[in-house]
Amino acid sequence: MNYRNCSVKETLLLFLLLCVEPTKSDNRVKRLSTPDYDKNRVKALAKYVVSIRSRTPRLYFGDNHFCCGAIIAPRYVLTAAHCVMDKSKFKYSSRSILVVAGTPNRLKFVDDVSVNLPVKNIYVPINFTSKNTNNIAVLLLRDPFPKNNPRIGIINLPNSNPTFNTSYTVLGWGRLYKGGPLATNIMHINITLCIVRNANAC
């Protein structure tokens, strides 16, 4: 397994992973940015990203995908708290969730590369359930990710705050526009973190 040190740029927004819904104004859908599929960029970063799914596909492999996460340790995945809780803020049963790694194409299972791992436990901060803050969760897997798999890697967590006016990369299989289908191949967009003081700040 690749344990390459990653910059804060590569880490900070990986676990957000296209979970942001586009906003609607004047009956037009606005995108956050233009999605891209850069083969080399995806190859370098997709190994840190997992697909979080319900335990059983409905009709075919990958149609049960509902969120993404980032691999932060051999048995741990970082994701958003809202991904693992229902509308009443009760955690899903760990037995109902499956983590799939090594699959840049979420609909394609590759023998000896793609990995399905069940979840043993889900950890969510109490502040999220009580005050809707700290939207973060950690999944403990029953078994560790396999070692020496070129499509699976552990990303280091950042040790400093994000830098404003810096470009960050977000990856995932999210919808490219409101109401559209989920992406088949993992996509990425580049966004700039900034402090908005007026409408044209960024």
# chains A, B, ... in the order shown; residues from 1 in each chain; ligands from 1

call {"tool": "residues_around", "arguments": {"residues": "A:Leu140", "least_positions_apart": "6", "cutoff": "7 Å", "atoms": "only C-alpha atoms", "output": "list in words"}}
result
Arg75, Tyr76, Val77, Val119, Lys120, Asn121 and Ile122 of chain A

call {"tool": "write_last_selection", "arguments": {"atoms": "N, CA, C and O atoms", "output": "PDB file, in the first residue's frame"}}
result
ATOM      1  N   ARG A  75      -7.480   0.740   8.519  1.00  0.00           N
ATOM      2  CA  ARG A  75      -8.856   0.306   8.776  1.00  0.00           C
ATOM      3  C   ARG A  75      -9.829   1.466   8.965  1.00  0.00           C
ATOM      4  O   ARG A  75     -10.947   1.255   9.428  1.00  0.00           O
ATOM      5  N   TYR A  76      -9.427   2.688   8.606  1.00  0.00           N
ATOM      6  CA  TYR A  76     -10.278   3.850   8.860  1.00  0.00           C
ATOM      7  C   TYR A  76     -10.517   4.682   7.607  1.00  0.00           C
ATOM      8  O   TYR A  76      -9.611   4.911   6.808  1.00  0.00           O
ATOM      9  N   VAL A  77     -11.763   5.156   7.494  1.00  0.00           N
ATOM     10  CA  VAL A  77     -12.174   6.015   6.381  1.00  0.00           C
ATOM     11  C   VAL A  77     -12.814   7.268   6.956  1.00  0.00           C
ATOM     12  O   VAL A  77     -13.633   7.200   7.883  1.00  0.00           O
ATOM     13  N   VAL A 119     -18.217  -2.449   7.191  1.00  0.00           N
ATOM     14  CA  VAL A 119     -17.938  -1.483   8.256  1.00  0.00           C
ATOM     15  C   VAL A 119     -18.242  -2.119   9.607  1.00  0.00           C
ATOM     16  O   VAL A 119     -19.283  -2.754   9.790  1.00  0.00           O
ATOM     17  N   LYS A 120     -17.335  -1.936  10.564  1.00  0.00           N
ATOM     18  CA  LYS A 120     -17.527  -2.484  11.909  1.00  0.00           C
ATOM     19  C   LYS A 120     -18.189  -1.477  12.839  1.00  0.00           C
ATOM     20  O   LYS A 120     -19.036  -1.827  13.657  1.00  0.00           O
ATOM     21  N   ASN A 121     -17.785  -0.194  12.714  1.00  0.00           N
ATOM     22  CA  ASN A 121     -18.348   0.825  13.602  1.00  0.00           C
ATOM     23  C   ASN A 121     -18.300   2.187  12.932  1.00  0.00           C
ATOM     24  O   ASN A 121     -17.479   2.418  12.048  1.00  0.00           O
ATOM     25  N   ILE A 122     -19.185   3.082  13.378  1.00  0.00           N
ATOM     26  CA  ILE A 122     -19.278   4.436  12.846  1.00  0.00           C
ATOM     27  C   ILE A 122     -19.136   5.415  14.007  1.00  0.00           C
ATOM     28  O   ILE A 122     -19.815   5.287  15.020  1.00  0.00           O
TER      29      ILE A 122
END

call {"tool": "select_by_dssp", "arguments": {"residues": "stretch 81-147 of chain A", "states": "strand (DSSP E or B)", "output": "NGL selection string"}}
result
:A and (85 or 91 or 97-101 or 105 or 115-123 or 137-141)

call {"tool": "residues_around", "arguments": {"residues": "A:Arg55", "least_positions_apart": "6", "cutoff": "7 Å", "atoms": "only C-alpha atoms", "output": "list in words"}}
result
Ser96, Ile97 and Leu98 of chain A

call {"tool": "write_last_selection", "arguments": {"atoms": "C-alpha atoms", "output": "tab-separated table (two decimals), in the first residue's frame"}}
result
chain	number	residue	atom	x	y	z
A	96	SER	CA	-25.84	-1.80	6.28
A	97	ILE	CA	-22.77	-0.02	4.87
A	98	LEU	CA	-20.04	-1.25	2.54

call {"tool": "atom_distance", "arguments": {"atom1": "atom CA of A:Leu117", "atom2": "atom CA of A:Pro144"}}
result
8.2 Å

call {"tool": "closest_residue", "arguments": {"among": "A:Leu141, A:Ile154, A:Ala183, A:Ala46", "to": "A:Arg95", "atoms": "only C-alpha atoms"}}
result
A:Leu141

call {"tool": "atom_distance", "arguments": {"atom1": "atom CA of A:Val50", "atom2": "atom CA of A:Arg106"}}
result
9.3 Å

call {"tool": "residues_around", "arguments": {"residues": "stretch 64-74 of chain A", "least_positions_apart": "3", "cutoff": "6 Å", "atoms": "only C-alpha atoms", "output": "JSON, numbers by chain"}}
result
{"A": [15, 48, 49, 50, 51, 52, 53, 54, 57, 77, 78, 79, 144, 145, 154, 155]}

call {"tool": "write_last_selection", "arguments": {"atoms": "all heavy atoms", "output": "CSV table (one decimal), in the first residue's frame"}}
result
chain,number,residue,atom,x,y,z
A,15,PHE,N,-12.3,14.5,1.4
A,15,PHE,CA,-13.4,13.8,2.0
A,15,PHE,C,-14.7,14.5,1.8
A,15,PHE,O,-15.8,14.0,2.1
A,15,PHE,CB,-13.2,13.6,3.5
A,15,PHE,CG,-13.5,14.8,4.4
A,15,PHE,CD1,-14.7,14.9,5.0
A,15,PHE,CD2,-12.5,15.7,4.6
A,15,PHE,CE1,-14.9,16.0,5.8
A,15,PHE,CE2,-12.7,16.8,5.5
A,15,PHE,CZ,-13.9,16.9,6.0
A,48,TYR,N,-6.9,7.3,-3.0
A,48,TYR,CA,-7.2,7.7,-1.6
A,48,TYR,C,-8.7,7.8,-1.4
A,48,TYR,O,-9.1,8.0,-0.2
A,48,TYR,CB,-6.6,9.1,-1.3
A,48,TYR,CG,-5.1,9.2,-1.5
A,48,TYR,CD1,-4.6,10.0,-2.5
A,48,TYR,CD2,-4.2,8.4,-0.8
A,48,TYR,CE1,-3.2,10.1,-2.7
A,48,TYR,CE2,-2.9,8.5,-1.0
A,48,TYR,CZ,-2.4,9.3,-2.0
A,48,TYR,OH,-1.0,9.4,-2.2
A,49,VAL,N,-9.5,7.6,-2.4
A,49,VAL,CA,-10.9,7.8,-2.3
A,49,VAL,C,-11.7,6.5,-2.4
A,49,VAL,O,-11.3,5.6,-3.1
A,49,VAL,CB,-11.4,8.7,-3.5
A,49,VAL,CG1,-12.9,9.0,-3.4
A,49,VAL,CG2,-10.6,10.0,-3.5
A,50,VAL,N,-12.7,6.4,-1.5
A,50,VAL,CA,-13.5,5.2,-1.5
A,50,VAL,C,-15.0,5.5,-1.8
A,50,VAL,O,-15.4,6.7,-1.6
A,50,VAL,CB,-13.5,4.4,-0.2
A,50,VAL,CG1,-12.0,3.9,0.1
A,50,VAL,CG2,-14.0,5.3,1.0
A,51,SER,N,-15.7,4.6,-2.3
A,51,SER,CA,-17.1,4.7,-2.5
A,51,SER,C,-17.8,4.1,-1.3
A,51,SER,O,-17.5,2.9,-0.9
A,51,SER,CB,-17.5,3.9,-3.8
A,51,SER,OG,-18.9,3.8,-3.9
A,52,ILE,N,-18.7,4.8,-0.7
A,52,ILE,CA,-19.5,4.3,0.4
A,52,ILE,C,-20.9,3.9,-0.1
A,52,ILE,O,-21.6,4.7,-0.7
A,52,ILE,CB,-19.6,5.4,1.5
A,52,ILE,CG1,-18.2,5.7,2.0
A,52,ILE,CG2,-20.5,4.9,2.7
A,52,ILE,CD1,-18.1,6.9,3.0
A,53,ARG,N,-21.3,2.7,0.2
A,53,ARG,CA,-22.5,2.2,-0.4
A,53,ARG,C,-23.4,1.4,0.6
A,53,ARG,O,-22.9,1.0,1.6
A,53,ARG,CB,-22.1,1.2,-1.5
A,53,ARG,CG,-21.1,1.7,-2.5
A,53,ARG,CD,-20.7,0.7,-3.5
A,53,ARG,NE,-19.8,1.3,-4.5
A,53,ARG,CZ,-19.4,0.9,-5.7
A,53,ARG,NH1,-19.9,-0.3,-6.0
A,53,ARG,NH2,-18.6,1.5,-6.5
A,54,SER,N,-24.6,1.3,0.2
A,54,SER,CA,-25.5,0.4,1.0
A,54,SER,C,-25.0,-1.0,0.7
A,54,SER,O,-24.3,-1.3,-0.3
A,54,SER,CB,-26.9,0.5,0.6
A,54,SER,OG,-27.1,0.3,-0.8
A,57,PRO,N,-26.3,-4.1,-3.8
A,57,PRO,CA,-26.8,-3.3,-5.0
A,57,PRO,C,-28.2,-3.5,-5.3
A,57,PRO,O,-28.8,-4.6,-5.0
A,57,PRO,CB,-25.9,-3.9,-6.1
A,57,PRO,CG,-24.7,-4.5,-5.4
A,57,PRO,CD,-25.3,-5.0,-4.1
A,77,VAL,N,-11.8,5.2,7.5
A,77,VAL,CA,-12.2,6.0,6.4
A,77,VAL,C,-12.8,7.3,7.0
A,77,VAL,O,-13.6,7.2,7.9
A,77,VAL,CB,-13.2,5.3,5.5
A,77,VAL,CG1,-13.9,6.2,4.5
A,77,VAL,CG2,-12.5,4.2,4.7
A,78,LEU,N,-12.4,8.4,6.4
A,78,LEU,CA,-13.0,9.7,6.8
A,78,LEU,C,-14.1,10.1,5.8
A,78,LEU,O,-13.9,10.0,4.6
A,78,LEU,CB,-11.9,10.8,6.8
A,78,LEU,CG,-12.3,12.2,7.2
A,78,LEU,CD1,-12.6,12.3,8.7
A,78,LEU,CD2,-11.1,13.1,6.9
A,79,THR,N,-15.2,10.5,6.3
A,79,THR,CA,-16.3,11.0,5.5
A,79,THR,C,-17.1,12.1,6.2
A,79,THR,O,-16.7,12.6,7.2
A,79,THR,CB,-17.2,9.8,5.1
A,79,THR,OG1,-18.1,10.2,4.1
A,79,THR,CG2,-18.0,9.2,6.3
A,144,PRO,N,-8.5,-4.6,7.4
A,144,PRO,CA,-7.7,-3.6,6.8
A,144,PRO,C,-7.7,-3.6,5.3
A,144,PRO,O,-7.9,-4.7,4.7
A,144,PRO,CB,-6.3,-3.8,7.4
A,144,PRO,CG,-6.3,-5.3,7.7
A,144,PRO,CD,-7.7,-5.7,8.1
A,145,PHE,N,-7.4,-2.5,4.7
A,145,PHE,CA,-7.2,-2.5,3.2
A,145,PHE,C,-6.0,-3.3,2.9
A,145,PHE,O,-5.0,-3.4,3.7
A,145,PHE,CB,-7.0,-1.1,2.7
A,145,PHE,CG,-8.2,-0.2,2.8
A,145,PHE,CD1,-8.3,0.7,3.8
A,145,PHE,CD2,-9.2,-0.3,1.9
A,145,PHE,CE1,-9.4,1.6,3.9
A,145,PHE,CE2,-10.3,0.5,1.9
A,145,PHE,CZ,-10.4,1.4,2.9
A,154,ILE,N,-3.1,5.3,1.5
A,154,ILE,CA,-3.5,6.0,2.7
A,154,ILE,C,-3.0,7.5,2.7
A,154,ILE,O,-1.8,7.7,2.4
A,154,ILE,CB,-2.9,5.4,4.0
A,154,ILE,CG1,-3.5,3.9,4.1
A,154,ILE,CG2,-3.2,6.2,5.2
A,154,ILE,CD1,-2.9,3.1,5.2
A,155,ILE,N,-3.9,8.4,2.8
A,155,ILE,CA,-3.6,9.8,2.8
A,155,ILE,C,-3.3,10.4,4.2
A,155,ILE,O,-4.0,9.9,5.1
A,155,ILE,CB,-4.7,10.6,2.1
A,155,ILE,CG1,-4.2,12.0,1.7
A,155,ILE,CG2,-5.9,10.7,2.9
A,155,ILE,CD1,-5.1,12.7,0.6

call {"tool": "select_by_dssp", "arguments": {"residues": "stretch 49-119 of chain A", "states": "helix (DSSP H, G or I)", "output": "list in words"}}
result
Ala81, His82, Cys83, Val84, Ser94, Arg95 and Ser96 of chain A

call {"tool": "closest_atom_pairs", "arguments": {"of": "stretch 88-172 of chain A", "to": "stretch 186-194 of chain A", "cutoff": "8 Å", "atoms": "only C-alpha atoms", "output": "Markdown table"}}
result
| residue | atom | partner | partner_atom | distance |
| --- | --- | --- | --- | --- |
| A:Pro104 | CA | A:Ile186 | CA | 5.3 |
| A:Asn105 | CA | A:Ile186 | CA | 6.3 |
| A:Arg106 | CA | A:Ile186 | CA | 7.4 |
| A:Thr163 | CA | A:Leu193 | CA | 7.3 |
| A:Phe164 | CA | A:Cys194 | CA | 5.0 |
| A:Asn165 | CA | A:Cys194 | CA | 5.2 |
| A:Thr166 | CA | A:Thr192 | CA | 5.4 |
| A:Ser167 | CA | A:Thr192 | CA | 4.4 |
| A:Tyr168 | CA | A:Ile191 | CA | 5.3 |
| A:Thr169 | CA | A:Asn190 | CA | 4.6 |
| A:Val170 | CA | A:His188 | CA | 5.4 |
| A:Leu171 | CA | A:His188 | CA | 4.4 |
| A:Gly172 | CA | A:Ile186 | CA | 5.2 |

call {"tool": "write_last_selection", "arguments": {"atoms": "N, CA, C and O atoms", "output": "compact mmCIF listing (two decimals), in the first residue's frame"}}
result
# COMPACT_ATOMS: atom_id res chain seq x y z
N PRO A 104 -11.92 3.46 -9.61
CA PRO A 104 -12.17 4.80 -10.16
C PRO A 104 -13.46 4.85 -10.96
O PRO A 104 -14.14 5.86 -11.00
N ASN A 105 -13.80 3.73 -11.63
CA ASN A 105 -15.10 3.61 -12.28
C ASN A 105 -16.00 2.90 -11.27
O ASN A 105 -15.83 1.71 -11.01
N ARG A 106 -16.95 3.62 -10.70
CA ARG A 106 -17.75 3.06 -9.59
C ARG A 106 -18.64 1.91 -10.03
O ARG A 106 -19.16 1.17 -9.20
N THR A 163 -5.09 27.15 3.45
CA THR A 163 -4.60 28.46 3.04
C THR A 163 -5.62 29.13 2.12
O THR A 163 -6.07 28.52 1.15
N PHE A 164 -5.97 30.34 2.43
CA PHE A 164 -6.93 31.07 1.60
C PHE A 164 -6.29 31.47 0.27
O PHE A 164 -5.08 31.61 0.16
N ASN A 165 -7.16 31.66 -0.72
CA ASN A 165 -6.75 32.02 -2.08
C ASN A 165 -5.83 30.97 -2.69
O ASN A 165 -4.94 31.28 -3.47
N THR A 166 -6.05 29.72 -2.30
CA THR A 166 -5.29 28.59 -2.84
C THR A 166 -6.25 27.63 -3.51
O THR A 166 -7.36 27.43 -3.04
N SER A 167 -5.81 27.04 -4.61
CA SER A 167 -6.66 26.11 -5.34
C SER A 167 -6.59 24.73 -4.70
O SER A 167 -5.51 24.23 -4.38
N TYR A 168 -7.77 24.10 -4.50
CA TYR A 168 -7.86 22.77 -3.93
C TYR A 168 -8.60 21.86 -4.91
O TYR A 168 -9.42 22.31 -5.70
N THR A 169 -8.33 20.57 -4.81
CA THR A 169 -8.96 19.60 -5.69
C THR A 169 -9.98 18.77 -4.92
O THR A 169 -9.68 18.27 -3.84
N VAL A 170 -11.18 18.65 -5.47
CA VAL A 170 -12.25 17.84 -4.88
C VAL A 170 -12.54 16.70 -5.84
O VAL A 170 -12.67 16.91 -7.04
N LEU A 171 -12.61 15.47 -5.31
CA LEU A 171 -12.88 14.31 -6.15
C LEU A 171 -14.13 13.58 -5.71
O LEU A 171 -14.52 13.64 -4.55
N GLY A 172 -14.74 12.87 -6.63
CA GLY A 172 -15.89 12.05 -6.28
C GLY A 172 -16.74 11.68 -7.48
O GLY A 172 -16.43 12.03 -8.62

call {"tool": "closest_residue", "arguments": {"among": "A:Leu45, A:Val110, A:Ala81, A:Leu59", "to": "A:Ala137", "atoms": "only C-alpha atoms"}}
result
A:Ala81

call {"tool": "atom_distance", "arguments": {"atom1": "atom CA of A:Asp63", "atom2": "atom CA of A:Asn40"}}
result
25.7 Å

call {"tool": "residues_around", "arguments": {"residues": "A:Leu182", "least_positions_apart": "5", "cutoff": "7 Å", "atoms": "only C-alpha atoms", "output": "ChimeraX atom specification"}}
result
/A:173-175

call {"tool": "residues_around", "arguments": {"residues": "A:Asn135", "least_positions_apart": "3", "cutoff": "10 Å", "atoms": "only C-alpha atoms", "output": "list in words"}}
result
Leu16, Thr79, Ala80, Ala81, His82, Cys83, Val124, Pro125, Asn127, Phe128, Thr129 and Asn132 of chain A

call {"tool": "residues_around", "arguments": {"residues": "A:Lys47", "least_positions_apart": "3", "cutoff": "7 Å", "atoms": "only C-alpha atoms", "output": "PDB file with N, CA, C and O atoms, in the first residue's frame"}}
result
ATOM      1  N   GLY A 102     -10.376   1.131  -4.730  1.00  0.00           N
ATOM      2  CA  GLY A 102      -9.686   0.666  -5.931  1.00  0.00           C
ATOM      3  C   GLY A 102     -10.560   0.640  -7.165  1.00  0.00           C
ATOM      4  O   GLY A 102     -10.293  -0.112  -8.099  1.00  0.00           O
ATOM      5  N   ARG A 151      -3.816   0.714  -6.490  1.00  0.00           N
ATOM      6  CA  ARG A 151      -5.000   1.559  -6.591  1.00  0.00           C
ATOM      7  C   ARG A 151      -5.559   1.962  -5.230  1.00  0.00           C
ATOM      8  O   ARG A 151      -6.616   2.567  -5.144  1.00  0.00           O
ATOM      9  N   ILE A 152      -4.863   1.607  -4.153  1.00  0.00           N
ATOM     10  CA  ILE A 152      -5.325   1.960  -2.809  1.00  0.00           C
ATOM     11  C   ILE A 152      -4.170   2.589  -2.044  1.00  0.00           C
ATOM     12  O   ILE A 152      -3.075   2.040  -1.994  1.00  0.00           O
ATOM     13  N   GLY A 153      -4.413   3.750  -1.451  1.00  0.00           N
ATOM     14  CA  GLY A 153      -3.369   4.437  -0.693  1.00  0.00           C
ATOM     15  C   GLY A 153      -3.939   5.153   0.512  1.00  0.00           C
ATOM     16  O   GLY A 153      -5.115   5.523   0.544  1.00  0.00           O
TER      17      GLY A 153
END

call {"tool": "closest_residue", "arguments": {"among": "A:Ile126, A:Asn134, A:Tyr92, A:Pro146", "to": "A:Asp112", "atoms": "only C-alpha atoms"}}
result
A:Pro146

call {"tool": "decode", "arguments": {"residues": "stretch 166-177 of chain A", "atoms": "all heavy atoms", "output": "compact mmCIF listing (two decimals), in the first residue's frame"}}
result
# COMPACT_ATOMS: atom_id res chain seq x y z
N THR A 166 -6.05 29.72 -2.30
CA THR A 166 -5.29 28.59 -2.84
C THR A 166 -6.25 27.63 -3.51
O THR A 166 -7.36 27.43 -3.04
CB THR A 166 -4.53 27.88 -1.71
OG1 THR A 166 -3.65 28.81 -1.07
CG2 THR A 166 -3.71 26.72 -2.25
N SER A 167 -5.81 27.04 -4.61
CA SER A 167 -6.66 26.11 -5.34
C SER A 167 -6.59 24.73 -4.70
O SER A 167 -5.51 24.23 -4.38
CB SER A 167 -6.21 26.03 -6.80
OG SER A 167 -7.00 25.12 -7.51
N TYR A 168 -7.77 24.10 -4.50
CA TYR A 168 -7.86 22.77 -3.93
C TYR A 168 -8.60 21.86 -4.91
O TYR A 168 -9.42 22.31 -5.70
CB TYR A 168 -8.59 22.79 -2.58
CG TYR A 168 -7.81 23.48 -1.50
CD1 TYR A 168 -7.91 24.86 -1.33
CD2 TYR A 168 -6.98 22.76 -0.65
CE1 TYR A 168 -7.18 25.51 -0.33
CE2 TYR A 168 -6.25 23.40 0.34
CZ TYR A 168 -6.36 24.77 0.49
OH TYR A 168 -5.64 25.39 1.47
N THR A 169 -8.33 20.57 -4.81
CA THR A 169 -8.96 19.60 -5.69
C THR A 169 -9.98 18.77 -4.92
O THR A 169 -9.68 18.27 -3.84
CB THR A 169 -7.91 18.65 -6.31
OG1 THR A 169 -6.98 19.43 -7.05
CG2 THR A 169 -8.56 17.64 -7.24
N VAL A 170 -11.18 18.65 -5.47
CA VAL A 170 -12.25 17.84 -4.88
C VAL A 170 -12.54 16.70 -5.84
O VAL A 170 -12.67 16.91 -7.04
CB VAL A 170 -13.53 18.68 -4.67
CG1 VAL A 170 -14.61 17.85 -4.01
CG2 VAL A 170 -13.22 19.91 -3.83
N LEU A 171 -12.61 15.47 -5.31
CA LEU A 171 -12.88 14.31 -6.15
C LEU A 171 -14.13 13.58 -5.71
O LEU A 171 -14.52 13.64 -4.55
CB LEU A 171 -11.70 13.32 -6.06
CG LEU A 171 -10.40 13.74 -6.71
CD1 LEU A 171 -9.48 14.34 -5.67
CD2 LEU A 171 -9.74 12.57 -7.37
N GLY A 172 -14.74 12.87 -6.63
CA GLY A 172 -15.89 12.05 -6.28
C GLY A 172 -16.74 11.68 -7.48
O GLY A 172 -16.43 12.03 -8.62
N TRP A 173 -17.83 10.98 -7.19
CA TRP A 173 -18.76 10.53 -8.22
C TRP A 173 -20.09 11.27 -8.10
O TRP A 173 -21.14 10.74 -8.41
CB TRP A 173 -19.01 9.04 -8.08
CG TRP A 173 -17.81 8.18 -8.30
CD1 TRP A 173 -17.37 7.68 -9.49
CD2 TRP A 173 -16.91 7.68 -7.30
NE1 TRP A 173 -16.25 6.91 -9.29
CE2 TRP A 173 -15.94 6.89 -7.95
CE3 TRP A 173 -16.83 7.83 -5.92
CZ2 TRP A 173 -14.91 6.25 -7.27
CZ3 TRP A 173 -15.80 7.21 -5.24
CH2 TRP A 173 -14.85 6.43 -5.92
N GLY A 174 -20.05 12.50 -7.62
CA GLY A 174 -21.28 13.24 -7.38
C GLY A 174 -21.99 13.65 -8.65
O GLY A 174 -21.51 13.44 -9.77
N ARG A 175 -23.16 14.26 -8.47
CA ARG A 175 -23.93 14.76 -9.61
C ARG A 175 -23.28 16.03 -10.13
O ARG A 175 -22.90 16.90 -9.35
CB ARG A 175 -25.37 15.04 -9.18
CG ARG A 175 -26.06 13.81 -8.63
CD ARG A 175 -27.49 14.10 -8.20
NE ARG A 175 -27.96 13.03 -7.32
CZ ARG A 175 -28.37 11.85 -7.76
NH1 ARG A 175 -28.38 11.59 -9.06
NH2 ARG A 175 -28.77 10.92 -6.92
N LEU A 176 -23.16 16.14 -11.43
CA LEU A 176 -22.54 17.32 -12.02
C LEU A 176 -23.50 18.49 -12.10
O LEU A 176 -23.10 19.62 -12.28
CB LEU A 176 -22.00 16.97 -13.41
CG LEU A 176 -20.99 15.81 -13.43
CD1 LEU A 176 -20.50 15.59 -14.85
CD2 LEU A 176 -19.82 16.10 -12.50
N TYR A 177 -24.79 18.21 -12.01
CA TYR A 177 -25.80 19.26 -11.94
C TYR A 177 -27.01 18.70 -11.21
O TYR A 177 -27.21 17.49 -11.15
CB TYR A 177 -26.18 19.78 -13.33
CG TYR A 177 -26.66 18.71 -14.28
CD1 TYR A 177 -28.00 18.34 -14.38
CD2 TYR A 177 -25.74 18.04 -15.10
CE1 TYR A 177 -28.42 17.36 -15.24
CE2 TYR A 177 -26.16 17.04 -15.98
CZ TYR A 177 -27.50 16.73 -16.05
OH TYR A 177 -27.92 15.73 -16.90
